[in-house]
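Please read the structure below before turning to the comments.
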Amino acid sequence: MANPYHAALAEARRDTRFLDVLFARYIGTALHPRGRILSVYRAARAAMDRALREGNRIAIADALEALRYALLGIGGEAMGRAVARGQTSMETQVEAYNRDARPMELARQRPDLQPLLSGWMSEFDRQLAQVEAALALGEDGRIVGDEDRLGILQPAPVARGAAGWFASALALGAIAWVTGRPEEKREVEPEVQKQVIAAIDERTTDCCLRAHGQLQPFSKPFELVGTPRYADKMEWTPFHDWCRTSICMYREQYEDGTTGQMRDAARAEVVAREETGERVEIHPATARSRR
């Protein structure tokens, strides 16, 4: 029978690729400038610029309302897809082990996305408050900006926040599917651990390289030492803005040296980056070779 740990790893790596695609499609990146958040901001800035030049206060309010409505739709759709992916991943991983070990029961709880969506939209609400303050002071030029000034109505803060909240939605889906809602949280069997699986490419952060392969019981947090990171100890991903790292379920009885290979490859890449100052070639997650 195939090693169920390998099946769980494959699913965790699908999570990292899912987040990469999610960020590109719903947010937009330097490589994918047509992401939906960047696109609606471009449209809103154009509408706002026209309304400001015409002095049309109704059109200004309409542009801001349309932007907020569009962002709510994007966030709800992206987070819904992320939660579903987290649930699918955990279910597939658990079932892989259940075929060969003592069955583990899934909680199969669906989380409430509203707190995540509200948390993300608070980034836009702060921006909106700045826009309204500028309008009240007659400082219309600060809103969209010009050649010499970066305007208030910029996608960067909202897009950066979106990456963290969208990745948190995937994590929330996974956690709820395994352990249930926080108020109903149950313990996972002690022999089942959680493992950090980084998305290995030239964009992988120092934080996630150093965490790659780390194991912890479900009841304990991961210990983070690299940069950037939200905190020194975290229960689950994301560990930082734009984090694509995922979590794999782990049972020691199926270990075949893969964890050691992952850690060795990540350490080798950290050292190579320190020595060369470059991110040109990245060791695969299970590589044995060096640069």
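By order of appearance in the structure tokens: chains A, B, ..., then residues from 1 within every chain, and ligands from 1 in the order shown.
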So that I can see what lies close to region 22-34 of chain A, please list as a PDB file with N, CA and C atoms, in the first residue's frame the residues with an atom at most 7 Å from it, counting only C-alpha atoms and leaving out residues fewer than 3 positions away in the same chain.
```pdb
ATOM      1  N   PHE A  18      -2.721  26.239  -4.582  1.00  0.00           N
ATOM      2  CA  PHE A  18      -4.038  26.869  -4.577  1.00  0.00           C
ATOM      3  C   PHE A  18      -3.923  28.327  -4.131  1.00  0.00           C
ATOM      4  N   LEU A  19      -3.178  28.574  -3.055  1.00  0.00           N
ATOM      5  CA  LEU A  19      -3.030  29.940  -2.563  1.00  0.00           C
ATOM      6  C   LEU A  19      -2.328  30.826  -3.587  1.00  0.00           C
ATOM      7  N   ILE A  37      -8.855  42.523  -7.404  1.00  0.00           N
ATOM      8  CA  ILE A  37      -8.762  43.686  -6.515  1.00  0.00           C
ATOM      9  C   ILE A  37      -8.042  44.830  -7.208  1.00  0.00           C
ATOM     10  N   LEU A  38      -6.943  44.545  -7.869  1.00  0.00           N
ATOM     11  CA  LEU A  38      -6.234  45.598  -8.595  1.00  0.00           C
ATOM     12  C   LEU A  38      -7.119  46.181  -9.693  1.00  0.00           C
ATOM     13  N   SER A  39      -7.888  45.330 -10.349  1.00  0.00           N
ATOM     14  CA  SER A  39      -8.744  45.798 -11.439  1.00  0.00           C
ATOM     15  C   SER A  39      -9.849  46.727 -10.942  1.00  0.00           C
ATOM     16  N   ILE A  74     -15.700  40.191  -3.902  1.00  0.00           N
ATOM     17  CA  ILE A  74     -14.437  39.488  -4.140  1.00  0.00           C
ATOM     18  C   ILE A  74     -14.009  38.734  -2.888  1.00  0.00           C
ATOM     19  N   ALA A  78     -13.661  34.686  -2.635  1.00  0.00           N
ATOM     20  CA  ALA A  78     -12.314  34.130  -2.426  1.00  0.00           C
ATOM     21  C   ALA A  78     -12.226  33.356  -1.119  1.00  0.00           C
ATOM     22  N   ALA A 159      -4.850  45.023  -0.653  1.00  0.00           N
ATOM     23  CA  ALA A 159      -4.372  43.791  -1.293  1.00  0.00           C
ATOM     24  C   ALA A 159      -3.482  42.990  -0.346  1.00  0.00           C
ATOM     25  N   ALA A 163      -4.309  39.048   1.225  1.00  0.00           N
ATOM     26  CA  ALA A 163      -3.517  37.815   1.177  1.00  0.00           C
ATOM     27  C   ALA A 163      -3.540  37.101   2.528  1.00  0.00           C
TER      28      ALA A 163
END
```
Compile the contact shell of Gln87 (chain A) as a list in words: residues with an atom at most 12 Å away, counting only C-alpha atoms, same-chain residues fewer than 5 positions apart removed.
Glu11, Ala12, Asp15, Gly80, Arg81, Ala82, Thr92, Gln93, Val94, Leu106, Ala107, Arg108, Gln109, Arg110, Pro111, Ala169, Leu170, Ala171, Leu172, Gly173, Ala174, Ile175, Ala176, Trp177, Val178, Thr179 and Gly180 of chain A
Neighbour list for region 205-213 of chain A as a ChimeraX atom specification, cut-off 8 Å, only C-alpha atoms, skip fewer than 3 positions in-chain
/A:195-198,200,223-229,239,245,259-260,262-263,266-267,269-270
What's the 10 Å shell around region 248-252 of chain A, counting only C-alpha atoms, without same-chain residues fewer than 3 positions away, as number ranges by chain?
A: 4-13, 15, 89-90, 93-94, 97, 101, 190-197, 213, 215-218, 255-256
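Counting only C-alpha atoms, the residue from A:Asp100, A:Gly151, A:Ala84, A:Leu71 that sits nearest to Asp125 (chain A) is A:Leu71.
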Sel. of alpha helix (DSSP H) residues, region 145-199 of chain A, as an MDAnalysis selection string:
chainID A and resid 156:179
Residues just named, written with N, CA and C atoms as a PDB file, in the first residue's frame:
```pdb
ATOM      1  N   ALA A 156      -2.684  48.851  -2.497  1.00  0.00           N
ATOM      2  CA  ALA A 156      -1.650  48.097  -1.783  1.00  0.00           C
ATOM      3  C   ALA A 156      -2.048  47.639  -0.376  1.00  0.00           C
ATOM      4  N   PRO A 157      -2.538  48.536   0.511  1.00  0.00           N
ATOM      5  CA  PRO A 157      -2.866  48.067   1.868  1.00  0.00           C
ATOM      6  C   PRO A 157      -3.986  47.023   1.875  1.00  0.00           C
ATOM      7  N   VAL A 158      -4.994  47.224   1.044  1.00  0.00           N
ATOM      8  CA  VAL A 158      -6.118  46.294   1.000  1.00  0.00           C
ATOM      9  C   VAL A 158      -5.693  44.959   0.392  1.00  0.00           C
ATOM     10  N   ALA A 159      -4.850  45.023  -0.653  1.00  0.00           N
ATOM     11  CA  ALA A 159      -4.372  43.791  -1.293  1.00  0.00           C
ATOM     12  C   ALA A 159      -3.482  42.990  -0.346  1.00  0.00           C
ATOM     13  N   ARG A 160      -2.591  43.690   0.359  1.00  0.00           N
ATOM     14  CA  ARG A 160      -1.707  42.997   1.302  1.00  0.00           C
ATOM     15  C   ARG A 160      -2.520  42.336   2.404  1.00  0.00           C
ATOM     16  N   GLY A 161      -3.501  43.054   2.916  1.00  0.00           N
ATOM     17  CA  GLY A 161      -4.357  42.465   3.938  1.00  0.00           C
ATOM     18  C   GLY A 161      -5.144  41.286   3.407  1.00  0.00           C
ATOM     19  N   ALA A 162      -5.581  41.385   2.142  1.00  0.00           N
ATOM     20  CA  ALA A 162      -6.366  40.303   1.546  1.00  0.00           C
ATOM     21  C   ALA A 162      -5.601  38.993   1.545  1.00  0.00           C
ATOM     22  N   ALA A 163      -4.309  39.048   1.225  1.00  0.00           N
ATOM     23  CA  ALA A 163      -3.517  37.815   1.177  1.00  0.00           C
ATOM     24  C   ALA A 163      -3.540  37.101   2.528  1.00  0.00           C
ATOM     25  N   GLY A 164      -3.392  37.861   3.605  1.00  0.00           N
ATOM     26  CA  GLY A 164      -3.408  37.255   4.936  1.00  0.00           C
ATOM     27  C   GLY A 164      -4.773  36.707   5.307  1.00  0.00           C
ATOM     28  N   TRP A 165      -5.826  37.476   5.013  1.00  0.00           N
ATOM     29  CA  TRP A 165      -7.168  37.035   5.379  1.00  0.00           C
ATOM     30  C   TRP A 165      -7.607  35.849   4.528  1.00  0.00           C
ATOM     31  N   PHE A 166      -7.255  35.844   3.238  1.00  0.00           N
ATOM     32  CA  PHE A 166      -7.648  34.731   2.370  1.00  0.00           C
ATOM     33  C   PHE A 166      -6.942  33.438   2.794  1.00  0.00           C
ATOM     34  N   ALA A 167      -5.646  33.545   3.131  1.00  0.00           N
ATOM     35  CA  ALA A 167      -4.933  32.364   3.604  1.00  0.00           C
ATOM     36  C   ALA A 167      -5.494  31.899   4.946  1.00  0.00           C
ATOM     37  N   SER A 168      -5.922  32.837   5.776  1.00  0.00           N
ATOM     38  CA  SER A 168      -6.530  32.475   7.061  1.00  0.00           C
ATOM     39  C   SER A 168      -7.838  31.723   6.858  1.00  0.00           C
ATOM     40  N   ALA A 169      -8.556  32.043   5.787  1.00  0.00           N
ATOM     41  CA  ALA A 169      -9.807  31.342   5.493  1.00  0.00           C
ATOM     42  C   ALA A 169      -9.532  29.874   5.182  1.00  0.00           C
ATOM     43  N   LEU A 170      -8.476  29.604   4.425  1.00  0.00           N
ATOM     44  CA  LEU A 170      -8.109  28.209   4.147  1.00  0.00           C
ATOM     45  C   LEU A 170      -7.769  27.492   5.454  1.00  0.00           C
ATOM     46  N   ALA A 171      -6.984  28.156   6.297  1.00  0.00           N
ATOM     47  CA  ALA A 171      -6.607  27.559   7.577  1.00  0.00           C
ATOM     48  C   ALA A 171      -7.837  27.309   8.452  1.00  0.00           C
ATOM     49  N   LEU A 172      -8.754  28.284   8.487  1.00  0.00           N
ATOM     50  CA  LEU A 172      -9.957  28.142   9.304  1.00  0.00           C
ATOM     51  C   LEU A 172     -10.797  26.967   8.823  1.00  0.00           C
ATOM     52  N   GLY A 173     -10.909  26.803   7.503  1.00  0.00           N
ATOM     53  CA  GLY A 173     -11.647  25.673   6.970  1.00  0.00           C
ATOM     54  C   GLY A 173     -11.033  24.359   7.382  1.00  0.00           C
ATOM     55  N   ALA A 174      -9.703  24.282   7.315  1.00  0.00           N
ATOM     56  CA  ALA A 174      -9.005  23.048   7.686  1.00  0.00           C
ATOM     57  C   ALA A 174      -9.172  22.734   9.172  1.00  0.00           C
ATOM     58  N   ILE A 175      -8.970  23.740  10.011  1.00  0.00           N
ATOM     59  CA  ILE A 175      -9.045  23.530  11.460  1.00  0.00           C
ATOM     60  C   ILE A 175     -10.449  23.102  11.877  1.00  0.00           C
ATOM     61  N   ALA A 176     -11.463  23.809  11.361  1.00  0.00           N
ATOM     62  CA  ALA A 176     -12.840  23.485  11.736  1.00  0.00           C
ATOM     63  C   ALA A 176     -13.229  22.082  11.290  1.00  0.00           C
ATOM     64  N   TRP A 177     -12.709  21.646  10.150  1.00  0.00           N
ATOM     65  CA  TRP A 177     -13.057  20.328   9.630  1.00  0.00           C
ATOM     66  C   TRP A 177     -12.471  19.212  10.501  1.00  0.00           C
ATOM     67  N   VAL A 178     -11.343  19.524  11.171  1.00  0.00           N
ATOM     68  CA  VAL A 178     -10.674  18.512  11.999  1.00  0.00           C
ATOM     69  C   VAL A 178     -11.065  18.624  13.471  1.00  0.00           C
ATOM     70  N   THR A 179     -11.018  19.826  14.008  1.00  0.00           N
ATOM     71  CA  THR A 179     -11.207  19.985  15.456  1.00  0.00           C
ATOM     72  C   THR A 179     -12.539  20.600  15.849  1.00  0.00           C
TER      73      THR A 179
END
```
Against region 136-145 of chain A, which residues of region 18-69 of chain A fall within 9 Å? For each one I want the closest pair of atoms and the distance in Å (one decimal), counting only C-alpha atoms, rows by chain and increasing residue number, as a tab-separated table.
```
residue	atom	partner	partner_atom	distance
A:Arg45	CA	A:Val144	CA	6.4
A:Ala46	CA	A:Val144	CA	8.7
A:Met48	CA	A:Val144	CA	7.4
A:Asp49	CA	A:Val144	CA	6.6
A:Leu52	CA	A:Asp140	CA	7.0
```
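By only C-alpha atoms, and with residues fewer than 4 positions from Glu65 (chain A) along its chain excluded, the set lying at most 12 Å from it is Val40, Ala44, Ala47, Met48, Ile58, Ala59, Ile60, Ala61, Tyr69, Ala70, Leu71, Leu72, Phe124, Asp125 and Leu128 of chain A.
One distance worth recording is that between CA of Thr204 (chain A) and CA of Gly86 (chain A), which is 20.7 Å.
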